[in-house]
>>> print(open('run-v3.cif').read())   # mmCIF, C-alpha atoms
data_query
#
loop_
_atom_site.label_atom_id
_atom_site.label_comp_id
_atom_site.auth_asym_id
_atom_site.auth_seq_id
_atom_site.Cartn_x
_atom_site.Cartn_y
_atom_site.Cartn_z
CA MET G 1 122.93 125.31 99.29
CA ILE G 2 122.04 121.64 99.17
CA GLN G 3 119.49 121.20 96.41
CA LYS G 4 116.44 119.00 96.55
CA SER G 5 117.28 115.62 95.10
CA ASP G 6 115.53 114.87 91.81
CA ASP G 7 115.52 111.10 92.34
CA ILE G 8 112.03 110.15 93.41
CA ILE G 9 113.01 106.81 94.96
CA ILE G 10 115.46 108.45 97.34
CA LYS G 11 113.05 111.20 98.33
CA THR G 12 110.16 108.85 99.04
CA LEU G 13 112.16 106.28 100.99
CA ALA G 14 113.94 108.96 103.04
CA ARG G 15 110.71 110.60 104.09
CA ILE G 16 109.20 107.25 105.09
CA LEU G 17 112.25 106.22 107.12
CA VAL G 18 112.72 109.44 109.11
CA PRO G 19 110.01 108.83 111.75
CA PHE G 20 111.38 105.35 112.47
CA ILE G 21 114.93 106.63 112.77
CA GLN G 22 113.78 109.27 115.22
CA LEU G 23 111.87 106.74 117.29
CA TYR G 24 114.93 104.51 117.39
CA ALA G 25 116.95 107.48 118.63
CA LEU G 26 114.50 108.08 121.46
CA TYR G 27 114.56 104.37 122.28
CA VAL G 28 118.36 104.51 122.56
CA ILE G 29 118.16 107.53 124.89
CA MET G 30 115.51 106.03 127.15
CA HIS G 31 117.09 102.60 127.48
CA GLY G 32 120.54 103.84 128.45
CA HIS G 33 120.37 101.85 131.67
CA HIS G 34 119.62 98.47 130.16
CA SER G 35 121.25 98.37 126.73
CA PRO G 36 124.05 100.19 124.92
CA GLY G 37 123.20 103.78 124.30
CA GLY G 38 122.40 106.81 126.34
CA GLY G 39 122.19 110.50 125.70
CA PHE G 40 125.00 111.19 123.28
CA GLN G 41 124.31 108.21 121.03
CA GLY G 42 120.61 108.96 120.79
CA GLY G 43 121.27 112.61 120.07
CA VAL G 44 123.59 111.72 117.21
CA ILE G 45 120.97 109.41 115.68
CA LEU G 46 118.34 112.15 115.94
CA ALA G 47 120.69 114.58 114.20
CA ALA G 48 121.38 111.96 111.53
CA SER G 49 117.67 111.70 110.74
CA LEU G 50 117.45 115.46 110.28
CA ILE G 51 120.57 115.48 108.11
CA LEU G 52 119.03 112.72 105.97
CA LEU G 53 115.99 114.92 105.51
CA MET G 54 118.22 117.80 104.56
CA ILE G 55 120.32 116.03 101.94
CA THR G 56 117.32 114.46 100.23
CA HIS G 57 114.74 117.20 100.44
CA GLY G 58 116.97 120.26 100.33
CA VAL G 59 117.62 122.94 102.89
CA LYS G 60 114.43 124.96 102.40
CA ASP G 61 112.01 122.14 103.20
CA THR G 62 114.00 121.12 106.25
CA GLN G 63 114.04 124.69 107.48
CA LYS G 64 110.26 124.74 107.27
CA ARG G 65 110.23 121.80 109.68
CA ILE G 66 112.92 122.97 112.09
CA SER G 67 114.22 126.51 111.85
CA GLU G 68 117.63 127.76 112.94
CA LYS G 69 116.05 129.54 115.86
CA ALA G 70 114.44 126.31 117.10
CA VAL G 71 117.78 124.53 116.86
CA ALA G 72 119.48 127.19 118.97
CA ILE G 73 116.68 126.98 121.55
CA PHE G 74 117.03 123.19 121.69
CA SER G 75 120.75 123.31 122.34
CA SER G 76 120.36 125.83 125.14
CA SER G 77 117.45 124.00 126.71
CA GLY G 78 119.39 120.74 126.65
CA VAL G 79 122.16 122.29 128.71
CA PHE G 80 119.55 124.00 130.89
CA ILE G 81 117.91 120.66 131.71
CA TYR G 82 121.24 119.12 132.65
CA ALA G 83 122.36 122.02 134.80
CA GLY G 84 118.86 122.52 136.14
CA ILE G 85 118.71 118.99 137.56
CA GLY G 86 122.10 119.48 139.13
CA VAL G 87 121.07 122.76 140.71
CA ALA G 88 117.76 121.27 141.89
CA CYS G 89 119.76 118.62 143.77
CA LEU G 90 121.87 121.44 145.20
CA ILE G 91 118.81 123.34 146.34
CA LEU G 92 117.44 120.24 148.08
CA ALA G 93 120.46 120.24 150.44
CA GLY G 94 122.64 117.78 148.57
CA ASN G 95 125.70 117.90 146.38
CA TYR G 96 125.58 119.01 142.76
CA LEU G 97 123.94 116.18 140.77
CA ASP G 98 123.27 114.16 143.92
CA TYR G 99 120.10 112.60 142.53
CA SER G 100 119.04 110.85 145.73
CA LYS G 101 117.86 114.17 147.09
CA LEU G 102 115.25 114.28 144.32
CA ALA G 103 113.40 111.47 146.07
CA LYS G 104 111.46 113.97 148.14
CA LEU G 105 110.33 115.82 144.99
CA LEU G 106 109.27 112.72 143.07
CA HIS G 107 107.93 110.64 145.99
CA VAL G 108 110.01 107.57 145.14
CA VAL G 109 112.78 105.53 146.76
CA PRO G 110 116.25 107.22 146.56
CA ALA G 111 117.54 104.47 144.27
CA GLU G 112 114.65 105.06 141.88
CA ALA G 113 115.31 108.80 142.11
CA ARG G 114 118.92 108.26 141.00
CA SER G 115 117.71 106.28 138.00
CA LEU G 116 115.21 108.95 137.05
CA GLY G 117 117.74 111.71 137.57
CA ILE G 118 120.20 110.09 135.21
CA LEU G 119 117.40 109.64 132.66
CA GLY G 120 116.65 113.33 132.94
CA VAL G 121 120.21 114.45 132.29
CA GLU G 122 120.47 111.97 129.40
CA ILE G 123 117.45 113.61 127.80
CA GLY G 124 119.09 116.99 128.19
CA VAL G 125 122.33 115.70 126.70
CA GLY G 126 120.48 114.12 123.76
CA LEU G 127 118.66 117.32 122.95
CA ALA G 128 121.81 119.43 123.08
CA VAL G 129 123.81 116.97 120.99
CA MET G 130 121.12 116.78 118.34
CA ALA G 131 120.89 120.54 118.06
CA VAL G 132 124.62 121.13 117.90
CA MET G 133 125.34 118.41 115.34
CA PHE G 134 122.53 119.59 113.11
CA SER G 135 123.62 123.21 113.31
CA VAL G 136 127.26 122.31 112.58
CA PHE G 137 126.20 120.49 109.41
CA PHE G 138 123.84 123.29 108.47
CA ASN G 139 126.46 126.01 108.93
CA ILE G 140 129.07 124.12 106.94
CA SER G 141 126.66 123.66 104.04
CA LYS G 142 125.65 127.31 104.19
CA GLY G 143 129.29 128.39 104.30
CA GLU G 144 129.94 126.30 101.19
CA SER G 145 127.18 128.00 99.24
CA SER G 146 128.24 131.51 100.19
CA GLY G 147 131.79 130.62 99.07
CA GLU G 148 130.35 129.56 95.70
CA ASP G 149 128.48 132.85 95.42
CA LYS G 150 131.67 134.81 95.99
CA GLU G 151 133.37 132.85 93.20
CA ASN G 152 130.51 133.63 90.82
CA MET I 1 86.37 117.48 27.28
CA GLU I 2 86.56 114.30 29.34
CA VAL I 3 89.82 115.48 30.81
CA THR I 4 88.28 118.75 32.08
CA LEU I 5 85.32 116.80 33.50
CA LEU I 6 87.74 114.46 35.18
CA ILE I 7 89.74 117.36 36.58
CA GLU I 8 86.57 119.06 37.83
CA ALA I 9 85.38 115.82 39.45
CA MET I 10 88.72 115.34 41.14
CA ASP I 11 88.65 118.97 42.29
CA THR I 12 85.18 118.63 43.86
CA SER I 13 86.08 115.37 45.52
CA PHE I 14 89.23 116.94 46.98
CA ARG I 15 87.18 119.88 48.28
CA LEU I 16 84.66 117.50 49.83
CA MET I 17 87.43 115.57 51.51
CA GLU I 18 88.91 118.83 52.82
CA ASN I 19 85.54 119.80 54.29
CA ALA I 20 85.11 116.38 55.89
CA ARG I 21 88.58 116.54 57.35
CA SER I 22 88.12 120.02 58.80
CA GLN I 23 84.79 118.95 60.29
CA ALA I 24 86.40 115.91 61.88
CA VAL I 25 89.13 118.16 63.25
CA ASP I 26 86.57 120.51 64.77
CA LEU I 27 84.66 117.61 66.27
CA LEU I 28 87.69 116.08 67.89
CA ASN I 29 88.77 119.51 69.13
CA THR I 30 85.51 120.06 70.95
CA ALA I 31 85.60 116.52 72.33
CA VAL I 32 89.07 117.03 73.79
CA LYS I 33 88.16 120.44 75.15
CA LEU I 34 85.01 119.09 76.77
CA THR I 35 86.73 116.16 78.44
CA SER I 36 89.53 118.32 79.78
CA GLU I 37 87.02 120.92 80.93
CA THR I 38 84.87 118.37 82.71
CA ARG I 39 87.90 116.84 84.34
CA THR I 40 89.14 120.16 85.74
CA MET I 41 85.61 121.09 86.79
CA GLU I 42 85.18 117.76 88.57
CA GLU I 43 88.45 118.16 90.35
CA LYS I 44 87.58 121.72 91.38
CA ASN I 45 84.18 120.66 92.68
CA VAL I 46 85.58 117.78 94.64
CA ARG I 47 88.25 120.02 96.06
CA ALA I 48 85.76 122.75 96.98
CA ILE I 49 83.37 120.44 98.78
CA PHE I 50 85.81 118.30 100.64
CA THR I 51 88.86 120.45 101.27
CA GLY I 52 88.34 121.63 104.81
CA ALA I 53 86.79 118.50 106.30
CA GLN I 54 89.02 116.20 104.30
CA GLU I 55 92.24 117.83 105.31
CA THR I 56 91.57 117.83 109.03
CA LYS I 57 90.20 114.30 108.96
CA SER I 58 93.11 112.99 106.97
CA SER I 59 95.62 114.75 109.16
CA PHE I 60 94.09 113.24 112.33
CA GLN I 61 93.93 109.83 110.70
CA ASN I 62 97.57 110.16 109.66
CA LEU I 63 98.48 111.07 113.23
CA VAL I 64 96.72 108.07 114.73
CA VAL I 65 98.11 105.56 112.24
CA THR I 66 101.63 106.98 112.56
CA PHE I 67 101.35 106.79 116.35
CA LEU I 68 100.23 103.16 116.22
CA MET I 69 103.01 102.14 113.86
CA LEU I 70 105.65 103.92 115.92
CA PHE I 71 104.38 102.43 119.18
CA ALA I 72 104.41 98.94 117.68
CA PHE I 73 108.02 99.56 116.61
CA TRP I 74 108.87 100.71 120.15
CA VAL I 75 107.34 97.62 121.75
CA LEU I 76 109.26 95.46 119.29
CA LEU I 77 112.56 97.16 120.15
CA SER I 78 112.20 97.44 123.89
CA GLY I 79 111.99 94.19 125.80
CA LYS I 80 110.55 95.85 128.88
CA TYR I 81 106.79 95.79 129.28
CA ASP I 82 106.39 97.47 132.66
CA LEU I 83 104.26 100.55 133.04
CA PHE I 84 107.12 103.05 133.19
CA HIS I 85 108.71 102.03 129.90
CA LEU I 86 105.39 101.64 128.12
CA THR I 87 104.37 105.13 129.21
CA LEU I 88 107.69 106.43 127.96
CA GLY I 89 106.98 104.66 124.68
CA VAL I 90 103.56 106.25 124.39
CA VAL I 91 104.95 109.71 125.08
CA CYS I 92 107.81 109.34 122.60
CA SER I 93 105.60 107.89 119.86
CA LEU I 94 103.06 110.65 120.36
CA LEU I 95 105.73 113.33 120.14
CA ILE I 96 107.27 111.96 116.98
CA ALA I 97 103.90 111.25 115.39
CA TYR I 98 102.92 114.86 116.03
CA LEU I 99 106.12 116.20 114.49
CA THR I 100 106.30 113.95 111.43
CA HIS I 101 102.85 112.58 110.63
CA ASP I 102 102.74 114.34 107.29
CA LEU I 103 105.94 112.63 106.23
CA LEU I 104 104.74 109.08 106.38
CA PHE I 105 101.45 109.32 104.49
CA ALA I 106 101.81 112.28 102.21
CA ASN I 107 99.47 111.55 99.31
CA VAL I 108 96.81 109.11 100.45
CA ARG I 109 93.18 109.93 99.68
CA VAL I 110 90.94 109.93 102.70
CA GLY I 111 88.96 106.77 103.40
CA ASP I 112 91.20 104.66 101.23
CA ALA I 113 93.98 104.21 103.75
CA ARG I 114 92.56 101.04 105.31
CA VAL I 115 91.81 99.40 101.96
CA ILE I 116 95.26 100.27 100.63
CA ALA I 117 96.96 98.93 103.77
CA TRP I 118 95.04 95.65 103.56
CA ARG I 119 95.79 95.27 99.84
CA PHE I 120 99.45 96.03 100.45
CA PHE I 121 99.74 93.22 102.97
CA ALA I 122 97.96 90.91 100.53
CA TYR I 123 100.47 91.88 97.82
CA ILE I 124 103.52 90.83 99.81
CA PRO I 125 103.02 87.01 99.54
CA TRP I 126 102.68 87.33 95.76
CA LEU I 127 105.92 89.32 95.69
CA LEU I 128 107.67 86.64 97.75
CA TYR I 129 106.45 83.98 95.33
CA GLN I 130 107.79 86.02 92.40
CA ILE I 131 111.15 86.37 94.16
CA ILE I 132 111.39 82.60 94.65
CA THR I 133 110.52 81.73 91.05
CA SER I 134 112.83 84.39 89.63
CA ASN I 135 115.60 83.14 91.91
CA ILE I 136 115.27 79.64 90.48
CA TYR I 137 115.18 80.94 86.92
CA VAL I 138 118.22 83.20 87.36
CA ALA I 139 120.14 80.37 89.01
CA SER I 140 119.36 78.12 86.03
CA VAL I 141 120.49 80.81 83.58
CA VAL I 142 123.68 81.60 85.45
CA LEU I 143 124.71 77.98 85.87
CA GLY I 144 124.10 77.27 82.18
CA PRO I 145 126.15 78.24 79.12
CA LYS I 146 127.34 81.86 78.96
CA GLN I 147 125.43 82.57 75.72
CA ARG I 148 122.11 82.42 77.54
CA VAL I 149 122.89 85.66 79.40
CA LYS I 150 121.91 88.62 77.20
CA PRO I 151 121.74 91.74 79.37
CA GLN I 152 119.56 94.53 78.08
CA ILE I 153 118.22 97.85 79.28
CA ILE I 154 114.51 98.41 78.77
CA ARG I 155 112.55 101.57 79.26
CA PHE I 156 108.83 101.87 79.75
CA LYS I 157 106.25 104.33 80.94
CA THR I 158 103.85 103.21 83.63
CA LYS I 159 100.21 103.93 84.21
CA LEU I 160 100.84 104.50 87.92
CA GLU I 161 100.33 108.02 89.20
CA SER I 162 101.69 108.69 92.66
CA ASP I 163 105.28 108.65 93.87
CA ILE I 164 104.73 105.89 96.40
CA SER I 165 103.40 103.48 93.78
CA TRP I 166 106.38 104.29 91.55
CA VAL I 167 108.72 103.52 94.42
CA THR I 168 106.87 100.28 95.22
CA LEU I 169 107.19 99.20 91.59
CA ALA I 170 110.88 100.16 91.45
CA ASN I 171 111.65 98.29 94.65
CA SER I 172 109.65 95.23 93.58
CA ILE I 173 111.54 95.15 90.27
CA THR I 174 114.86 95.40 92.09
CA LEU I 175 113.89 92.77 94.66
CA THR I 176 113.04 90.15 92.03
CA PRO I 177 116.34 88.72 90.78
CA GLY I 178 117.06 89.31 87.13
CA THR I 179 115.93 92.93 86.98
CA ILE I 180 117.25 96.12 88.54
CA THR I 181 115.67 99.56 88.36
CA MET I 182 118.35 102.00 87.31
CA ASP I 183 116.51 105.29 87.17
CA ILE I 184 113.12 106.92 86.97
CA ARG I 185 113.34 109.93 84.71
CA ASP I 186 110.32 111.98 83.61
CA GLY I 187 107.97 109.18 84.56
CA GLU I 188 109.88 106.63 82.52
CA PHE I 189 111.50 103.58 84.10
CA PHE I 190 114.98 102.45 83.05
CA VAL I 191 115.43 98.81 84.02
CA HIS I 192 118.42 96.54 83.50
CA ALA I 193 117.26 92.99 82.75
CA LEU I 194 119.29 89.80 82.60
CA ASP I 195 117.83 88.26 79.45
CA LYS I 196 114.85 88.41 77.15
CA LYS I 197 112.46 86.28 79.22
CA VAL I 198 112.72 88.56 82.26
CA ALA I 199 112.36 91.61 80.02
CA ASP I 200 109.22 90.14 78.46
CA ASP I 201 107.78 89.39 81.89
CA LEU I 202 108.30 93.03 82.75
CA HIS I 203 106.70 94.29 79.56
CA ALA I 204 103.67 92.05 80.17
CA GLY I 205 103.04 94.29 83.16
CA GLU I 206 101.51 91.93 85.72
CA MET I 207 103.45 93.54 88.56
CA GLU I 208 102.32 96.97 87.42
CA ASP I 209 98.67 95.84 87.32
CA ARG I 210 98.89 94.41 90.80
CA ILE I 211 100.45 97.56 92.22
CA ALA I 212 97.80 99.69 90.48
CA HIS I 213 95.25 97.46 92.22
CA VAL I 214 96.97 97.92 95.61
CA TYR I 215 97.06 101.71 95.44
CA MET I 216 93.72 102.01 93.66
CA GLU I 217 95.08 103.86 90.66
CA ALA I 218 94.65 103.76 86.90
CA ASP I 219 90.93 103.30 87.21
CA HIS I 220 89.76 106.35 85.26
CA ILE I 221 91.42 105.62 81.97
CA TYR I 222 88.85 106.95 79.52
CA VAL I 223 89.42 110.61 80.30
CA GLN I 224 93.18 110.13 80.45
CA ASP I 225 93.11 108.42 77.06
CA ALA I 226 91.42 111.42 75.47
CA LEU I 227 93.93 113.76 77.05
CA ASP I 228 96.76 111.55 75.81
CA VAL I 229 95.39 111.66 72.28
CA ALA I 230 95.19 115.45 72.33
CA PRO I 231 98.88 116.30 71.70
CA ILE I 232 99.19 113.68 68.94
CA PHE I 233 96.07 115.19 67.52
CA GLY I 234 97.52 118.69 67.73
CA LYS I 235 100.50 117.55 65.68
CA LEU I 236 98.18 116.05 63.07
CA LYS I 237 96.29 119.30 62.91
CA LYS I 238 99.47 121.25 62.28
CA GLY I 239 100.25 118.92 59.43
CA LEU I 240 96.87 119.56 57.79
#
>>> encode(input="run-v3.cif", output="structure tokens")
Amino acid sequence: MIQKSDDIIIKTLARILVPFIQLYALYVIMHGHHSPGGGFQGGVILAASLILLMITHGVKDTQKRISEKAVAIFSSSGVFIYAGIGVACLILAGNYLDYSKLAKLLHVVPAEARSLGILGVEIGVGLAVMAVMFSVFFNISKGESSGEDKEN
Amino acid sequence: MEVTLLIEAMDTSFRLMENARSQAVDLLNTAVKLTSETRTMEEKNVRAIFTGAQETKSSFQNLVVTFLMLFAFWVLLSGKYDLFHLTLGVVCSLLIAYLTHDLLFANVRVGDARVIAWRFFAYIPWLLYQIITSNIYVASVVLGPKQRVKPQIIRFKTKLESDISWVTLANSITLTPGTITMDIRDGEFFVHALDKKVADDLHAGEMEDRIAHVYMEADHIYVQDALDVAPIFGKLKKGL
């Protein structure tokens, strides 16, 4: 189990930085069209902010903020958003992930609908990536601690 | 005859001194007890009256200020000021402010946030001036003869109370060339200084005073002094 750090400088600065890191991650996801970034990169940065919180404040405090159950729900809902947009295009008499068919639903030009559709799947990808990376780190750290318990 | 009188006189005087000392001990005991009692009673009263209203108000204030700071950061990052991206920025900032508003401002007393923010921004120019002057001094020391460099580690306790003021002091010390904060252990700072002049500047405590002014701390010293005297006093009593 990762213990809470007893260095006050690290704890204070980490907790002040986390909101800005998360906002930067959302900025990277939303501006995938215009600047480097996109879904996967933003999701990794979001996961990194949560891992920073975990290694400075310990596992228990981080679990109070985001429980294992919430992480599992996020990963599934990320995939659901991605597949859901694809299936919605299918239902509207197009191909799978043919975003132009969403124009009728959103009342915009087909080109704009493609842009919005890609934004939607990027959000889904970001959510899923964040959840999976965080849960991988969390499970590895938990596996470490249970190995230590068996030794003791 | 004179010797017994002398011995009796000495005996009485010793007994009188014992009585005086035990009376002084009792007096100081009650004084310490009363100050600590009043302090805990004050704190309890304040907490009882203001808890509910204060917590909700401070949490809403935290939310709003966090949202504003995050939105300003978004506008700075994103070069696009059309309605779609700004709305996205508002939504994202609101979401993150809702999830993490208690992280950014954990220990601020209600009503003081604006004053503290203003004083913090007024502190930054002074810090920059200190950085420039220390830079010049360290450059002069380093370019001079090697004997002028006498590194030393100093430790001192501060009068600051909250974690964010400790971190501000530690970062300010590290930012000014010539001193580096190594550790903060049990409320005591361990600082590595380049030579005696920088160490003396640190011991003079001007930076500490200014940071105490920024975060509005160390302004109720009289009660804290009595509570600080109490353990020393307890040791004296044991020796009696």
>>> resolve_selection(input="run-v3.cif", expression="the PyMOL selection byres ((chain I) within 6 of (chain G))", output="PyMOL selection string")
chain I and resi 103-104+167
>>> residues_around(input="run-v3.cif", residues="G:Val44", least_positions_apart="6", cutoff="9 Å", atoms="all atoms listed in the file", output="PyMOL selection string")
chain G and resi 25+126+129-130+133-134
>>> resolve_selection(input="run-v3.cif", expression="the PyMOL selection byres ((chain I and resi 174) around 12)", output="list of chain:residue names")
G:Ile9, I:Leu127, I:Gln130, I:Ile131, I:Ser134, I:Val167, I:Thr168, I:Leu169, I:Ala170, I:Asn171, I:Ser172, I:Ile173, I:Leu175, I:Thr176, I:Pro177, I:Gly178, I:Thr179, I:Ile180, I:Thr181, I:Met182, I:Asp183, I:Phe189, I:Phe190, I:Val191, I:His192, I:Ala193, I:Leu194, I:Leu202
>>> residues_around(input="run-v3.cif", residues="stretch 89-100 of chain I", least_positions_apart="5", cutoff="6 Å", atoms="all atoms listed in the file", output="compact mmCIF listing (two decimals) with C-alpha atoms, keeping the file's coordinate frame")
# COMPACT_ATOMS: atom_id res chain seq x y z
CA LEU I 63 98.48 111.07 113.23
CA THR I 66 101.63 106.98 112.56
CA PHE I 67 101.35 106.79 116.35
CA LEU I 70 105.65 103.92 115.92
CA PHE I 71 104.38 102.43 119.18
>>> atom_distance(input="run-v3.cif", atom1="atom CA of G:Gly58", atom2="atom CA of I:Asn62")
23.8 Å
>>> atom_distance(input="run-v3.cif", atom1="atom CA of G:Tyr99", atom2="atom CA of G:Gly84")
11.9 Å
>>> atom_distance(input="run-v3.cif", atom1="atom CA of I:Ile184", atom2="atom CA of I:Met216")
21.1 Å
>>> closest_residue(input="run-v3.cif", among="G:Leu53, G:Ala111, G:Ala48, G:Val59", to="G:Lys142", atoms="all atoms listed in the file")
G:Val59
>>> resolve_selection(input="run-v3.cif", expression="the PyMOL selection byres ((chain G and resi 141) around 12)", output="number ranges by chain")
G: 1-3, 51, 54-55, 58-59, 134-140, 142-148
>>> closest_residue(input="run-v3.cif", among="G:Ser115, G:Ser49, G:Ser67, G:Ser75", to="G:Val132", atoms="only C-alpha atoms")
G:Ser75
>>> residues_around(input="run-v3.cif", residues="stretch 103-109 of chain G", least_positions_apart="4", cutoff="10 Å", atoms="only C-alpha atoms", output="ChimeraX atom specification")
/G:88-89,92,99,113-114,116-117
>>> closest_residue(input="run-v3.cif", among="I:Leu143, I:Ile164, I:Val75, I:Lys238", to="I:Val25", atoms="only C-alpha atoms")
I:Lys238
>>> residues_around(input="run-v3.cif", residues="stretch 151-161 of chain I", least_positions_apart="4", cutoff="9 Å", atoms="only C-alpha atoms", output="list in words")
Ser165, Trp166, Gly187, Glu188, Phe189, Phe190, Val191, His192, Ala193, Leu194, Asp195, Lys196, Ala199, His203, Gly205, Glu208, Asp209, Ile211, Ala212, Tyr215, Glu217 and Ala218 of chain I
